[in-house]
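Trainee: Sharing a structure with you now.
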Amino acid sequence: MTSSMSLLLAALEAGPVVGIAIAALAVGAAVGLVAYRLYSQNKIGVAKREAARILEEAGLEAKAIRKDGLLEAKEQQNKLRAEFERETKERRADWQRTENRLLQKENAIDRKEENLNKKEDALDKKLAEVEKAQKGIEEHRDRLKAIEEELNHSQEIMQRELERVAGMTKEEASAELKEALLDDVKKGAAAEAKAIEAEAKENAVREAQNIIATAIQRCAADHATENTVSVVALPNDEMKGRIIGRMGRNIRALESATGVDLIIDDTPDVITLSSFDPVRREVARLTLEKLIADGRIHPARIEEVVDKVRKEVNASIKEAGEEAVFEAGVHGLHPELVKILGRLKYRTSYGQNVLKHSLEVSFLASLMAQELGIDPKVAKRAGLLHDIGKAVDHEVEGTHIQIGVELAKRYKEHGDVIHAIAAHHNDIEPETIAAVLVQAADAISSARPGARRESLENYVKRIEKLEDIAKSFDGVEQTFAVQAGREIRVMVKPEQVDDSATVFLAREIAEKLENELEYPGQIKVNVIREVRSVDYAK
């Protein structure tokens, strides 16, 4: 306002027109200022009203939030209170249950204590009774001791009187009585044992004979025997010189390549091959036959033919093993076991072909198992493999039983099969029926007529040892081996061996033969006691 007034005064002083303009300008400025002030006051009023409204809404919202917070807090408080009450109730229930259990235990302890008190009372009563009984026993013992002393005194008097009357001491009478009793018991036991053994043998032998006879009737096998040497026929004697070669180079090449000894002697038109290994001997025989047929005989050709024949023999060995397995009806054998089994085709034992013998044992064991009503598979498999060790016994140390057991274990054979292999010559006691059947089948196949042969020297030694073992017993007068060593007849002295003792003597001789003598089949021990009374009529 002051400035407007100043402008107005200045305009009046300046002149009429200019003064009017300046005055109008001053009035406009004053009006604008007034309008601006009014507008500002209006805006401020609006802003104040808006602020008041916002403050009012904020207050209302704060009240609502406070109200919601209070409600939520109350709800949370109620929830916590309910949970607290529930937990308190559960704990009270647990405490109540615990208290009940404690009360029950207290009651049980009280009952036990009451029972213990009763038992203690009963025990005290029993102790009193025992003490009373013990006193009575001691009194009885004292009375018995007095009676015993009196009896001993009477017995001494009686014994002295008996010794005076009988004319012998107590020890002499006791020895005589023991001897008489022992004689009677021995005679009675021998008679009883003889009757029981006779009955058991009659039943067992009859049943075993039926089973074995049935098995043998159903098994038809060849009885071919083979030698340990091979003979190769020559077209003429000139061929011997060609086989020997210049300065013996051909025969040395043959022997070196095959490992077989060639025996060339004065025998016309033949050459003999000798070797402990039947496979080598077969390779040498086939090689010679091919060389003779071909006509070209020199070291290089010999080595070529030997290699070719060895492959052929190996193939035939595998084929023989497969044929044997197929013929026996045994499945699941390891391929290496099949090959080793095929080598038995060229192995002999006492002239008997071992592969044919193994097949025969497999058939016999299987048939006897069927007759007994048991599963024949294990017996058949064990019978086929029982002599598998003989295929490599020239190459590996140990008996054919040890080698066979090792091979069966290596190729994961069944435990019963391994046990039957180990027990088929009684190296260990047989514990399964299959092992016993393999033993019986092996004995049948080996001992039947024509199956095996042995040298005269070994036969004579075995017969002499058989008679010597039987003659080594006291009371034996003479022994005679009959039926090619299958029976031993023992003549005893009648004044030293009575009838009852012959039963025990036969058993003792049989046990000693089993332990000290090797023989095929079985040996019958026949003890004969003969009493002769001689007198002359004059």
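Just remember, in the structure tokens the first chain shown is A, the second B, etc., residues are 1-based per chain, and ligands are 1-based in the order shown.
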Give me the residues near segment 304-316 of chain A as a ChimeraX atom specification, where near means some atom within 12 Å (using only C-alpha atoms) and where sequence neighbours in that chain fewer than 2 positions away do not count.

Mentor: /A:253-260,278-294,296-302,318-323,338-346

Trainee: Rounded to one decimal, what separation in Å do you get between atom CA of Leu437 of chain A and atom CA of Met368 of chain A?

Mentor: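 We find that atom CA of Leu437 of chain A and atom CA of Met368 of chain A lie 7.1 Å from each other.
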
Trainee: Skipping near chain neighbours, those fewer than 5 positions away, what residues fall within 8 Å of His400 of chain A using only C-alpha atoms, listed as a PyMOL selection string?

Mentor: chain A and resi 387-390+393

Trainee: Hey, what does DSSP flag as strand (DSSP E) within segment 283-456 of chain A? Can you give it to me as a PyMOL selection string?

Mentor: chain A and resi 348-349+352-353

Trainee: Applying 7 Å and only C-alpha atoms, which residues near Ser274 of chain A remain after dropping the ones on its own chain fewer than 2 positions away? List them as an NGL selection string.

Mentor: :A and (229-230 or 260-262 or 272 or 281)

Trainee: Tell me, counting only C-alpha atoms, for each residue of segment 393-471 of chain A within 9 Å of segment 489-513 of chain A, which pair of atoms is nearest and how far apart they are in Å to one decimal, in rows ordered by chain and increasing number, as JSON lines.

Mentor:
{"residue": "A:Leu466", "atom": "CA", "partner": "A:Leu513", "partner_atom": "CA", "distance": 7.4}
{"residue": "A:Glu467", "atom": "CA", "partner": "A:Val490", "partner_atom": "CA", "distance": 8.8}
{"residue": "A:Ile469", "atom": "CA", "partner": "A:Leu513", "partner_atom": "CA", "distance": 7.1}
{"residue": "A:Ala470", "atom": "CA", "partner": "A:Ile509", "partner_atom": "CA", "distance": 6.0}
{"residue": "A:Lys471", "atom": "CA", "partner": "A:Val490", "partner_atom": "CA", "distance": 7.8}

Trainee: Take the residues from that selection and write them out as a PDB file, in the first residue's frame, keeping N, CA, C and O atoms.

Mentor:
ATOM      1  N   LEU A 466      47.414-161.463   2.572  1.00  0.00           N
ATOM      2  CA  LEU A 466      46.106-161.827   3.110  1.00  0.00           C
ATOM      3  C   LEU A 466      46.224-162.975   4.098  1.00  0.00           C
ATOM      4  O   LEU A 466      45.683-162.941   5.212  1.00  0.00           O
ATOM      5  N   GLU A 467      46.974-164.028   3.719  1.00  0.00           N
ATOM      6  CA  GLU A 467      47.148-165.177   4.607  1.00  0.00           C
ATOM      7  C   GLU A 467      47.980-164.803   5.831  1.00  0.00           C
ATOM      8  O   GLU A 467      47.693-165.259   6.946  1.00  0.00           O
ATOM      9  N   ILE A 469      48.192-161.848   7.368  1.00  0.00           N
ATOM     10  CA  ILE A 469      47.397-161.047   8.314  1.00  0.00           C
ATOM     11  C   ILE A 469      46.487-161.947   9.135  1.00  0.00           C
ATOM     12  O   ILE A 469      46.383-161.814  10.370  1.00  0.00           O
ATOM     13  N   ALA A 470      45.830-162.910   8.477  1.00  0.00           N
ATOM     14  CA  ALA A 470      44.934-163.812   9.204  1.00  0.00           C
ATOM     15  C   ALA A 470      45.714-164.729  10.156  1.00  0.00           C
ATOM     16  O   ALA A 470      45.224-165.089  11.228  1.00  0.00           O
ATOM     17  N   LYS A 471      46.941-165.083   9.791  1.00  0.00           N
ATOM     18  CA  LYS A 471      47.731-166.005  10.610  1.00  0.00           C
ATOM     19  C   LYS A 471      48.354-165.310  11.819  1.00  0.00           C
ATOM     20  O   LYS A 471      48.852-165.965  12.739  1.00  0.00           O
TER      21      LYS A 471
END

Trainee: Can you measure atom CA of Asp442 of chain A to atom CA of Asp427 of chain A for me? One decimal in Å is fine.

Mentor: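 Interatomic distance, atom CA of Asp442 of chain A to atom CA of Asp427 of chain A: 14.3 Å.
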